[in-house]
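File shown here: data_26.tsv, holding TSV, N, CA and C atoms.
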chain	number	residue	atom	x	y	z
A	1	MET	N	-17.91	-3.65	-213.46
A	1	MET	CA	-17.26	-2.50	-212.88
A	1	MET	C	-17.38	-2.49	-211.35
A	2	ARG	N	-18.47	-3.05	-210.82
A	2	ARG	CA	-18.66	-3.04	-209.37
A	2	ARG	C	-17.62	-3.88	-208.65
A	3	CYS	N	-17.05	-4.86	-209.35
A	3	CYS	CA	-16.12	-5.78	-208.71
A	3	CYS	C	-14.67	-5.34	-208.81
A	4	LEU	N	-14.42	-4.08	-209.21
A	4	LEU	CA	-13.06	-3.57	-209.21
A	4	LEU	C	-12.54	-3.53	-207.78
A	5	GLU	N	-11.26	-3.77	-207.59
A	5	GLU	CA	-10.66	-3.82	-206.27
A	5	GLU	C	-10.87	-2.50	-205.50
A	6	ARG	N	-10.84	-1.38	-206.20
A	6	ARG	CA	-10.99	-0.08	-205.52
A	6	ARG	C	-12.42	0.13	-204.99
A	7	ASN	N	-13.39	-0.63	-205.49
A	7	ASN	CA	-14.77	-0.51	-205.03
A	7	ASN	C	-15.11	-1.47	-203.89
A	8	LYS	N	-14.17	-2.30	-203.50
A	8	LYS	CA	-14.44	-3.32	-202.47
A	8	LYS	C	-14.15	-2.79	-201.08
A	9	ARG	N	-14.95	-3.32	-200.13
A	9	ARG	CA	-14.76	-3.02	-198.70
A	9	ARG	C	-14.58	-4.33	-197.95
A	10	THR	N	-13.90	-4.27	-196.84
A	10	THR	CA	-13.67	-5.46	-196.01
A	10	THR	C	-14.79	-5.59	-194.98
A	11	PHE	N	-15.29	-6.80	-194.81
A	11	PHE	CA	-16.28	-7.11	-193.79
A	11	PHE	C	-16.12	-8.58	-193.41
A	12	TYR	N	-16.86	-9.01	-192.41
A	12	TYR	CA	-16.80	-10.40	-191.95
A	12	TYR	C	-18.19	-11.01	-192.06
A	13	TYR	N	-18.24	-12.29	-192.37
A	13	TYR	CA	-19.52	-12.99	-192.40
A	13	TYR	C	-19.38	-14.34	-191.70
A	14	ALA	N	-20.49	-14.83	-191.20
A	14	ALA	CA	-20.53	-16.15	-190.56
A	14	ALA	C	-21.72	-16.91	-191.11
A	15	THR	N	-21.50	-18.17	-191.41
A	15	THR	CA	-22.58	-19.01	-191.92
A	15	THR	C	-23.27	-19.72	-190.76
A	16	TYR	N	-24.54	-20.03	-190.96
A	16	TYR	CA	-25.37	-20.68	-189.95
A	16	TYR	C	-24.85	-22.08	-189.66
A	17	LYS	N	-24.79	-22.43	-188.38
A	17	LYS	CA	-24.31	-23.74	-187.96
A	17	LYS	C	-25.45	-24.61	-187.43
A	18	ASP	N	-26.17	-24.09	-186.44
A	18	ASP	CA	-27.22	-24.86	-185.80
A	18	ASP	C	-28.01	-23.92	-184.88
A	19	LYS	N	-28.97	-24.47	-184.18
A	19	LYS	CA	-29.70	-23.70	-183.18
A	19	LYS	C	-29.78	-24.53	-181.91
A	20	GLU	N	-29.94	-23.84	-180.79
A	20	GLU	CA	-30.12	-24.54	-179.52
A	20	GLU	C	-31.16	-23.79	-178.70
A	21	TYR	N	-31.87	-24.53	-177.89
A	21	TYR	CA	-32.89	-23.93	-177.04
A	21	TYR	C	-32.24	-23.40	-175.77
A	22	VAL	N	-32.65	-22.21	-175.39
A	22	VAL	CA	-32.12	-21.57	-174.19
A	22	VAL	C	-32.72	-22.26	-172.97
A	23	GLU	N	-31.85	-22.60	-172.02
A	23	GLU	CA	-32.30	-23.25	-170.79
A	23	GLU	C	-31.98	-22.37	-169.59
A	24	VAL	N	-32.92	-22.30	-168.66
A	24	VAL	CA	-32.72	-21.61	-167.39
A	24	VAL	C	-33.05	-22.60	-166.28
A	25	ASN	N	-32.09	-22.83	-165.41
A	25	ASN	CA	-32.24	-23.80	-164.32
A	25	ASN	C	-32.64	-25.18	-164.84
A	26	GLY	N	-32.10	-25.57	-165.98
A	26	GLY	CA	-32.36	-26.89	-166.52
A	26	GLY	C	-33.67	-27.03	-167.28
A	27	HIS	N	-34.41	-25.95	-167.43
A	27	HIS	CA	-35.69	-25.99	-168.14
A	27	HIS	C	-35.61	-25.15	-169.41
A	28	LYS	N	-36.14	-25.69	-170.51
A	28	LYS	CA	-36.14	-24.95	-171.77
A	28	LYS	C	-37.14	-23.81	-171.69
A	29	THR	N	-36.71	-22.63	-172.14
A	29	THR	CA	-37.56	-21.44	-172.05
A	29	THR	C	-38.43	-21.24	-173.29
A	30	GLY	N	-38.11	-21.92	-174.37
A	30	GLY	CA	-38.82	-21.71	-175.62
A	30	GLY	C	-38.09	-20.75	-176.54
A	31	ASP	N	-37.12	-20.02	-175.99
A	31	ASP	CA	-36.28	-19.14	-176.82
A	31	ASP	C	-35.23	-19.97	-177.54
A	32	VAL	N	-34.88	-19.54	-178.72
A	32	VAL	CA	-33.90	-20.25	-179.53
A	32	VAL	C	-32.71	-19.33	-179.78
A	33	ARG	N	-31.50	-19.87	-179.62
A	33	ARG	CA	-30.28	-19.13	-179.91
A	33	ARG	C	-29.65	-19.75	-181.15
A	34	LYS	N	-29.35	-18.90	-182.14
A	34	LYS	CA	-28.72	-19.39	-183.37
A	34	LYS	C	-27.21	-19.46	-183.17
A	35	LEU	N	-26.62	-20.51	-183.68
A	35	LEU	CA	-25.18	-20.72	-183.59
A	35	LEU	C	-24.58	-20.57	-184.99
A	36	TYR	N	-23.40	-19.96	-185.05
A	36	TYR	CA	-22.75	-19.68	-186.32
A	36	TYR	C	-21.34	-20.25	-186.35
A	37	ASN	N	-20.87	-20.56	-187.55
A	37	ASN	CA	-19.49	-20.99	-187.75
A	37	ASN	C	-18.57	-19.80	-187.55
A	38	GLU	N	-17.28	-20.06	-187.46
A	38	GLU	CA	-16.30	-19.00	-187.25
A	38	GLU	C	-16.36	-17.99	-188.40
A	39	PRO	N	-16.29	-16.69	-188.10
A	39	PRO	CA	-16.41	-15.67	-189.15
A	39	PRO	C	-15.25	-15.72	-190.14
A	40	VAL	N	-15.57	-15.30	-191.37
A	40	VAL	CA	-14.61	-15.28	-192.47
A	40	VAL	C	-14.48	-13.84	-192.97
A	41	LYS	N	-13.26	-13.42	-193.22
A	41	LYS	CA	-13.01	-12.08	-193.75
A	41	LYS	C	-13.25	-12.11	-195.26
A	42	MET	N	-13.91	-11.06	-195.78
A	42	MET	CA	-14.23	-11.00	-197.20
A	42	MET	C	-14.14	-9.57	-197.69
A	43	ARG	N	-13.82	-9.42	-198.97
A	43	ARG	CA	-13.83	-8.11	-199.61
A	43	ARG	C	-14.78	-8.18	-200.79
A	44	ALA	N	-15.71	-7.23	-200.86
A	44	ALA	CA	-16.68	-7.18	-201.95
A	44	ALA	C	-17.23	-5.76	-202.05
A	45	SER	N	-17.94	-5.50	-203.12
A	45	SER	CA	-18.56	-4.20	-203.34
A	45	SER	C	-19.85	-4.12	-202.55
A	46	ILE	N	-19.95	-3.11	-201.67
A	46	ILE	CA	-21.16	-2.89	-200.87
A	46	ILE	C	-21.76	-1.57	-201.32
A	47	SER	N	-23.02	-1.60	-201.73
A	47	SER	CA	-23.66	-0.37	-202.20
A	47	SER	C	-23.85	0.61	-201.06
A	48	ALA	N	-23.93	1.87	-201.40
A	48	ALA	CA	-24.20	2.91	-200.41
A	48	ALA	C	-25.69	3.10	-200.27
A	49	THR	N	-26.14	3.39	-199.06
A	49	THR	CA	-27.54	3.73	-198.88
A	49	THR	C	-27.74	5.16	-199.36
A	50	THR	N	-28.91	5.45	-199.87
A	50	THR	CA	-29.18	6.78	-200.39
A	50	THR	C	-30.45	7.32	-199.74
A	51	SER	N	-30.84	8.51	-200.16
A	51	SER	CA	-32.03	9.14	-199.61
A	51	SER	C	-33.30	8.57	-200.22
A	52	MET	N	-33.20	7.51	-201.02
A	52	MET	CA	-34.37	6.90	-201.65
A	52	MET	C	-35.13	5.98	-200.70
A	53	THR	N	-34.70	5.93	-199.45
A	53	THR	CA	-35.35	5.05	-198.48
A	53	THR	C	-36.79	5.45	-198.28
A	54	SER	N	-37.68	4.51	-198.33
A	54	SER	CA	-39.10	4.76	-198.15
A	54	SER	C	-39.42	4.84	-196.67
A	55	ALA	N	-40.08	5.89	-196.25
A	55	ALA	CA	-40.43	6.05	-194.84
A	55	ALA	C	-41.41	4.98	-194.38
A	56	SER	N	-42.25	4.52	-195.27
A	56	SER	CA	-43.24	3.52	-194.87
A	56	SER	C	-42.64	2.14	-194.72
A	57	ARG	N	-41.60	1.83	-195.49
A	57	ARG	CA	-41.00	0.49	-195.43
A	57	ARG	C	-39.70	0.48	-194.63
A	58	GLY	N	-39.02	1.63	-194.56
A	58	GLY	CA	-37.79	1.70	-193.81
A	58	GLY	C	-36.60	1.08	-194.53
A	59	ALA	N	-36.76	0.70	-195.78
A	59	ALA	CA	-35.67	0.10	-196.54
A	59	ALA	C	-35.99	0.21	-198.02
A	60	PHE	N	-35.00	-0.08	-198.84
A	60	PHE	CA	-35.23	-0.10	-200.28
A	60	PHE	C	-36.20	-1.21	-200.62
A	61	SER	N	-36.83	-1.11	-201.76
A	61	SER	CA	-37.73	-2.16	-202.22
A	61	SER	C	-37.36	-2.53	-203.64
A	62	ASP	N	-37.45	-3.78	-203.93
A	62	ASP	CA	-37.22	-4.30	-205.26
A	62	ASP	C	-38.29	-5.32	-205.54
A	63	VAL	N	-38.66	-5.44	-206.79
A	63	VAL	CA	-39.62	-6.48	-207.13
A	63	VAL	C	-38.82	-7.71	-207.48
A	64	SER	N	-39.01	-8.74	-206.72
A	64	SER	CA	-38.33	-10.00	-206.92
A	64	SER	C	-39.14	-10.84	-207.89
A	65	ALA	N	-38.76	-12.08	-208.07
A	65	ALA	CA	-39.50	-12.98	-208.96
A	65	ALA	C	-40.95	-13.07	-208.51
A	66	TYR	N	-41.85	-13.12	-209.45
A	66	TYR	CA	-43.29	-13.27	-209.21
A	66	TYR	C	-43.91	-12.09	-208.50
A	67	GLY	N	-43.29	-10.89	-208.57
A	67	GLY	CA	-43.89	-9.69	-208.02
A	67	GLY	C	-43.79	-9.55	-206.52
A	68	VAL	N	-42.93	-10.31	-205.86
A	68	VAL	CA	-42.77	-10.22	-204.42
A	68	VAL	C	-41.89	-9.02	-204.10
A	69	VAL	N	-42.31	-8.20	-203.13
A	69	VAL	CA	-41.53	-7.03	-202.75
A	69	VAL	C	-40.44	-7.46	-201.78
A	70	LEU	N	-39.21	-7.04	-202.07
A	70	LEU	CA	-38.06	-7.39	-201.25
A	70	LEU	C	-37.53	-6.13	-200.59
A	71	ASN	N	-37.57	-6.06	-199.26
A	71	ASN	CA	-37.06	-4.90	-198.52
A	71	ASN	C	-35.62	-5.15	-198.11
A	72	TYR	N	-34.73	-4.24	-198.46
A	72	TYR	CA	-33.33	-4.39	-198.12
A	72	TYR	C	-32.70	-3.01	-197.93
A	73	ASP	N	-31.53	-2.96	-197.29
A	73	ASP	CA	-30.83	-1.71	-197.04
A	73	ASP	C	-29.67	-1.49	-198.00
A	74	ARG	N	-28.99	-2.56	-198.37
A	74	ARG	CA	-27.80	-2.48	-199.23
A	74	ARG	C	-27.72	-3.72	-200.10
A	75	ARG	N	-26.80	-3.65	-201.09
A	75	ARG	CA	-26.49	-4.81	-201.92
A	75	ARG	C	-24.99	-5.08	-201.84
A	76	ILE	N	-24.63	-6.35	-201.85
A	76	ILE	CA	-23.23	-6.75	-201.95
A	76	ILE	C	-23.08	-7.50	-203.26
A	77	VAL	N	-22.07	-7.12	-204.03
A	77	VAL	CA	-21.81	-7.79	-205.30
A	77	VAL	C	-20.40	-8.37	-205.26
A	78	THR	N	-20.27	-9.64	-205.62
A	78	THR	CA	-18.96	-10.30	-205.69
A	78	THR	C	-18.86	-11.11	-206.97
A	79	GLU	N	-17.64	-11.19	-207.48
A	79	GLU	CA	-17.40	-12.01	-208.65
A	79	GLU	C	-17.02	-13.44	-208.27
A	80	ASN	N	-16.87	-13.70	-206.97
A	80	ASN	CA	-16.51	-15.02	-206.47
A	80	ASN	C	-17.76	-15.93	-206.48
A	81	LEU	N	-17.88	-16.75	-207.48
A	81	LEU	CA	-19.05	-17.62	-207.60
A	81	LEU	C	-19.02	-18.79	-206.63
A	82	ASP	N	-17.90	-18.98	-205.91
A	82	ASP	CA	-17.79	-20.05	-204.90
A	82	ASP	C	-18.04	-19.52	-203.49
A	83	CYS	N	-18.52	-18.30	-203.37
A	83	CYS	CA	-18.77	-17.67	-202.06
A	83	CYS	C	-19.80	-18.47	-201.27
A	84	GLU	N	-19.54	-18.69	-199.98
A	84	GLU	CA	-20.41	-19.50	-199.13
A	84	GLU	C	-21.59	-18.75	-198.54
A	85	LEU	N	-21.67	-17.45	-198.74
A	85	LEU	CA	-22.79	-16.67	-198.20
A	85	LEU	C	-24.11	-17.20	-198.75
A	86	ASP	N	-25.13	-17.24	-197.89
A	86	ASP	CA	-26.47	-17.62	-198.33
A	86	ASP	C	-27.49	-16.89	-197.47
A	87	GLU	N	-28.77	-17.25	-197.61
A	87	GLU	CA	-29.83	-16.53	-196.89
A	87	GLU	C	-29.82	-16.73	-195.38
A	88	THR	N	-29.00	-17.63	-194.87
A	88	THR	CA	-28.92	-17.85	-193.43
A	88	THR	C	-27.68	-17.20	-192.82
A	89	SER	N	-26.88	-16.52	-193.63
A	89	SER	CA	-25.63	-15.92	-193.16
A	89	SER	C	-25.88	-14.55	-192.53
A	90	VAL	N	-24.95	-14.17	-191.65
A	90	VAL	CA	-24.99	-12.86	-191.01
A	90	VAL	C	-23.65	-12.17	-191.24
A	91	LEU	N	-23.65	-10.82	-191.18
A	91	LEU	CA	-22.45	-10.06	-191.51
A	91	LEU	C	-22.14	-9.01	-190.45
A	92	ALA	N	-20.86	-8.74	-190.26
A	92	ALA	CA	-20.40	-7.64	-189.41
A	92	ALA	C	-19.76	-6.62	-190.34
A	93	ILE	N	-20.50	-5.56	-190.64
A	93	ILE	CA	-20.00	-4.52	-191.54
A	93	ILE	C	-19.57	-3.30	-190.75
A	94	TYR	N	-20.41	-2.83	-189.83
A	94	TYR	CA	-20.11	-1.64	-189.04
A	94	TYR	C	-19.62	-1.97	-187.63
A	95	CYS	N	-19.86	-3.16	-187.13
A	95	CYS	CA	-19.45	-3.50	-185.78
A	95	CYS	C	-18.16	-4.33	-185.82
A	96	GLU	N	-17.45	-4.33	-184.70
A	96	GLU	CA	-16.25	-5.14	-184.59
A	96	GLU	C	-16.65	-6.61	-184.47
A	97	PRO	N	-16.12	-7.46	-185.32
A	97	PRO	CA	-16.51	-8.87	-185.26
A	97	PRO	C	-15.84	-9.58	-184.09
A	98	THR	N	-16.64	-10.16	-183.22
A	98	THR	CA	-16.13	-10.99	-182.13
A	98	THR	C	-16.85	-12.32	-182.20
A	99	TYR	N	-16.13	-13.38	-181.90
A	99	TYR	CA	-16.69	-14.73	-181.99
A	99	TYR	C	-16.30	-15.49	-180.74
A	100	ASN	N	-17.29	-16.10	-180.10
A	100	ASN	CA	-17.06	-16.93	-178.93
A	100	ASN	C	-17.08	-18.38	-179.39
A	101	ALA	N	-15.92	-19.03	-179.40
A	101	ALA	CA	-15.82	-20.40	-179.92
A	101	ALA	C	-16.58	-21.41	-179.06
A	102	GLU	N	-16.71	-21.16	-177.75
A	102	GLU	CA	-17.41	-22.10	-176.88
A	102	GLU	C	-18.91	-22.11	-177.14
A	103	THR	N	-19.49	-20.92	-177.34
A	103	THR	CA	-20.94	-20.83	-177.54
A	103	THR	C	-21.32	-20.64	-179.00
A	104	CYS	N	-20.33	-20.50	-179.88
A	104	CYS	CA	-20.56	-20.30	-181.33
A	104	CYS	C	-21.40	-19.05	-181.60
A	105	GLU	N	-21.24	-18.01	-180.78
A	105	GLU	CA	-21.98	-16.78	-180.96
A	105	GLU	C	-21.11	-15.75	-181.67
A	106	PHE	N	-21.71	-15.05	-182.62
A	106	PHE	CA	-21.03	-14.06	-183.43
A	106	PHE	C	-21.84	-12.77	-183.39
A	107	ASN	N	-21.19	-11.65	-183.05
A	107	ASN	CA	-21.95	-10.39	-183.07
A	107	ASN	C	-21.99	-9.87	-184.50
A	108	TYR	N	-23.15	-9.45	-184.93
A	108	TYR	CA	-23.34	-9.03	-186.32
A	108	TYR	C	-24.32	-7.87	-186.37
A	109	ASP	N	-24.33	-7.16	-187.51
A	109	ASP	CA	-25.23	-6.03	-187.67
A	109	ASP	C	-26.04	-6.07	-188.97
A	110	HIS	N	-25.82	-7.07	-189.81
A	110	HIS	CA	-26.59	-7.24	-191.04
A	110	HIS	C	-26.90	-8.73	-191.26
A	111	GLU	N	-27.98	-8.99	-191.97
A	111	GLU	CA	-28.29	-10.36	-192.36
A	111	GLU	C	-28.60	-10.39	-193.85
A	112	VAL	N	-28.33	-11.53	-194.47
A	112	VAL	CA	-28.60	-11.70	-195.89
A	112	VAL	C	-30.07	-12.06	-196.07
A	113	ILE	N	-30.74	-11.32	-196.94
A	113	ILE	CA	-32.16	-11.57	-197.20
A	113	ILE	C	-32.35	-12.41	-198.45
A	114	LYS	N	-31.56	-12.12	-199.48
A	114	LYS	CA	-31.73	-12.81	-200.76
A	114	LYS	C	-30.39	-12.95	-201.45
A	115	LYS	N	-30.20	-14.08	-202.13
A	115	LYS	CA	-29.01	-14.33	-202.93
A	115	LYS	C	-29.45	-14.51	-204.38
A	116	VAL	N	-28.86	-13.72	-205.29
A	116	VAL	CA	-29.20	-13.81	-206.71
A	116	VAL	C	-27.92	-14.11	-207.47
A	117	VAL	N	-27.88	-15.27	-208.13
A	117	VAL	CA	-26.69	-15.70	-208.86
A	117	VAL	C	-26.84	-15.34	-210.33
A	118	GLY	N	-25.86	-14.60	-210.85
A	118	GLY	CA	-25.83	-14.26	-212.27
A	118	GLY	C	-24.78	-15.08	-212.99
A	119	LEU	N	-24.53	-14.76	-214.23
A	119	LEU	CA	-23.54	-15.50	-215.00
A	119	LEU	C	-22.11	-15.24	-214.52
A	120	ASP	N	-21.82	-14.00	-214.12
A	120	ASP	CA	-20.46	-13.67	-213.73
A	120	ASP	C	-20.34	-13.00	-212.35
A	121	ASN	N	-21.44	-12.93	-211.59
A	121	ASN	CA	-21.37	-12.38	-210.25
A	121	ASN	C	-22.54	-12.87	-209.40
A	122	ILE	N	-22.45	-12.60	-208.12
A	122	ILE	CA	-23.54	-12.91	-207.18
A	122	ILE	C	-23.91	-11.61	-206.47
A	123	THR	N	-25.19	-11.33	-206.39
A	123	THR	CA	-25.68	-10.17	-205.66
A	123	THR	C	-26.41	-10.66	-204.41
A	124	TYR	N	-26.03	-10.08	-203.27
A	124	TYR	CA	-26.68	-10.39	-202.00
A	124	TYR	C	-27.43	-9.14	-201.55
A	125	TYR	N	-28.70	-9.28	-201.23
A	125	TYR	CA	-29.48	-8.19	-200.67
A	125	TYR	C	-29.42	-8.36	-199.16
A	126	ILE	N	-29.00	-7.30	-198.45
A	126	ILE	CA	-28.81	-7.40	-197.01
A	126	ILE	C	-29.63	-6.33	-196.30
A	127	LYS	N	-29.92	-6.61	-195.03
A	127	LYS	CA	-30.71	-5.70	-194.21
A	127	LYS	C	-30.01	-5.53	-192.86
A	128	ARG	N	-29.99	-4.29	-192.39
A	128	ARG	CA	-29.37	-3.99	-191.09
A	128	ARG	C	-30.27	-4.50	-189.97
A	129	ILE	N	-29.64	-5.06	-188.94
A	129	ILE	CA	-30.35	-5.64	-187.80
A	129	ILE	C	-30.03	-4.82	-186.56
A	130	THR	N	-31.06	-4.52	-185.80
A	130	THR	CA	-30.85	-3.89	-184.49
A	130	THR	C	-31.25	-4.89	-183.44
A	131	LYS	N	-30.32	-5.17	-182.55
A	131	LYS	CA	-30.58	-6.14	-181.49
A	131	LYS	C	-30.91	-5.41	-180.20
A	132	ASN	N	-31.83	-5.96	-179.45
A	132	ASN	CA	-32.19	-5.40	-178.15
A	132	ASN	C	-31.39	-6.09	-177.06
A	133	GLY	N	-30.84	-5.28	-176.18
A	133	GLY	CA	-30.13	-5.83	-175.04
A	133	GLY	C	-28.82	-6.38	-175.43
Please render this file's structure as structure tokens.
Amino acid sequence: MRCLERNKRTFYYATYKDKEYVEVNGHKTGDVRKLYNEPVKMRASISATTSMTSASRGAFSDVSAYGVVLNYDRRIVTENLDCELDETSVLAIYCEPTYNAETCEFNYDHEVIKKVVGLDNITYYIKRITKNG
């Protein structure tokens, strides 16, 4: 039922490409900049956040395999079993997606924390990201 067309929202995602070290005046600073492939438009079911958010964790919690606590803000469910999203992907759900082809930089506001593949769907646990500066 979650994968009905009326339950889907449009968002953009970009898959991880590579990383490069930031240089200032020809010297590496030790900072790393992640590079992403060109963003892809996608439609899928995105869960709504509710008042169940834990003040101590700041996000929902689920018990993953082996009793590991997984903190996330939302879930995305898709019936597309060929979806390229994985734990290194980032998403633009609330922000306008812009991509700089020269620097391979993509502005995003969520990242994928966990991918769970079922028999007929894939669930992605995502967390909102706040960037400084």
CA of Ala48 in chain A sits from CA of Glu84 in chain A at a separation of 22.8 Å
What is the distance, in Å and to one decimal place, between CA of Glu20 in chain A and CA of Asn100 in chain A? 15.1 Å
Could you pull out the residues in chain A that DSSP calls strand (DSSP E or B) from the backbone, as a count of residues only? 68
Point-to-point distance in Å for atom N of Asn25 in chain A and CA of Asp109 in chain A: 28.7 Å
Taking all atoms listed in the file into account, which of A:Tyr72, A:Tyr16, A:Tyr99, A:Phe106 comes nearest Asp86 in chain A? A:Tyr16
Would you please work out which residue, of A:Thr88, A:Thr29, A:Thr49, A:Thr130, is nearest to Lys114 in chain A when using only C-alpha atoms? A:Thr88
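The residues of chain A that DSSP assigns to helix (DSSP H, G or I) on this backbone come out as Glu5, Arg6, Asn7, Ala65, Tyr66 and Gly67 of chain A.
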Asn37 in chain A surroundings by all atoms listed in the file, 6.5 Å radius, close-in-sequence under 4 positions cut, as a ChimeraX atom specification: /A:14-18,104
Close residues, Tyr13 in chain A itself excluded, 6 Å, only N, CA and C atoms, min 4 positions apart in chain, as a PyMOL selection string: chain A and resi 38-42+90-92
Can you write just those residues out, N, CA and C atoms, as a CSV table (one decimal), in the coordinates of the input?
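As a result, again_23.csv now contains:
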chain,number,residue,atom,x,y,z
A,38,GLU,N,-17.3,-20.1,-187.5
A,38,GLU,CA,-16.3,-19.0,-187.2
A,38,GLU,C,-16.4,-18.0,-188.4
A,39,PRO,N,-16.3,-16.7,-188.1
A,39,PRO,CA,-16.4,-15.7,-189.2
A,39,PRO,C,-15.2,-15.7,-190.1
A,40,VAL,N,-15.6,-15.3,-191.4
A,40,VAL,CA,-14.6,-15.3,-192.5
A,40,VAL,C,-14.5,-13.8,-193.0
A,41,LYS,N,-13.3,-13.4,-193.2
A,41,LYS,CA,-13.0,-12.1,-193.8
A,41,LYS,C,-13.2,-12.1,-195.3
A,42,MET,N,-13.9,-11.1,-195.8
A,42,MET,CA,-14.2,-11.0,-197.2
A,42,MET,C,-14.1,-9.6,-197.7
A,90,VAL,N,-25.0,-14.2,-191.6
A,90,VAL,CA,-25.0,-12.9,-191.0
A,90,VAL,C,-23.6,-12.2,-191.2
A,91,LEU,N,-23.6,-10.8,-191.2
A,91,LEU,CA,-22.4,-10.1,-191.5
A,91,LEU,C,-22.1,-9.0,-190.4
A,92,ALA,N,-20.9,-8.7,-190.3
A,92,ALA,CA,-20.4,-7.6,-189.4
A,92,ALA,C,-19.8,-6.6,-190.3
Give me the residues within 8 Å of Arg33 in chain A as a PyMOL selection string, counting all atoms listed in the file and dropping any in the same chain fewer than 3 places off. chain A and resi 18-22+30+36
Residues from last step as file, N, CA and C atoms, as an mmCIF file, in the frame of the given file:
data_model
loop_
_atom_site.group_PDB
_atom_site.id
_atom_site.type_symbol
_atom_site.label_atom_id
_atom_site.label_comp_id
_atom_site.auth_asym_id
_atom_site.auth_seq_id
_atom_site.Cartn_x
_atom_site.Cartn_y
_atom_site.Cartn_z
ATOM 1 N N ASP A 18 -26.170 -24.090 -186.440
ATOM 2 C CA ASP A 18 -27.220 -24.860 -185.800
ATOM 3 C C ASP A 18 -28.010 -23.920 -184.880
ATOM 4 N N LYS A 19 -28.970 -24.470 -184.180
ATOM 5 C CA LYS A 19 -29.700 -23.700 -183.180
ATOM 6 C C LYS A 19 -29.780 -24.530 -181.910
ATOM 7 N N GLU A 20 -29.940 -23.840 -180.790
ATOM 8 C CA GLU A 20 -30.120 -24.540 -179.520
ATOM 9 C C GLU A 20 -31.160 -23.790 -178.700
ATOM 10 N N TYR A 21 -31.870 -24.530 -177.890
ATOM 11 C CA TYR A 21 -32.890 -23.930 -177.040
ATOM 12 C C TYR A 21 -32.240 -23.400 -175.770
ATOM 13 N N VAL A 22 -32.650 -22.210 -175.390
ATOM 14 C CA VAL A 22 -32.120 -21.570 -174.190
ATOM 15 C C VAL A 22 -32.720 -22.260 -172.970
ATOM 16 N N GLY A 30 -38.110 -21.920 -174.370
ATOM 17 C CA GLY A 30 -38.820 -21.710 -175.620
ATOM 18 C C GLY A 30 -38.090 -20.750 -176.540
ATOM 19 N N TYR A 36 -23.400 -19.960 -185.050
ATOM 20 C CA TYR A 36 -22.750 -19.680 -186.320
ATOM 21 C C TYR A 36 -21.340 -20.250 -186.350
#
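When only C-alpha atoms are used to compute distances to Cys95 in chain A, the closest of the residues A:Tyr125, A:Asn71, A:Lys34, A:Phe11 turns out to be A:Phe11.
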Contact residues around Thr10 in chain A with all atoms listed in the file at 6.5 Å, ignoring same-chain residues under 6 positions, as a ChimeraX atom specification: /A:42-44,93
How big is the axis-aligned box around the listed atoms of range 22-33 of chain A once 6 Å is added on each side, and where is its centre? Give both in Å to one decimal, as AutoDock Vina command-line options.
--center_x -34.2 --center_y -23.1 --center_z -172.7 --size_x 21.2 --size_y 19.9 --size_z 28.8
Residues at most 6 Å from Lys115 in chain A, counting all atoms listed in the file, excluding those fewer than 5 positions away in the same chain, as number ranges by chain? A: 87, 123-125
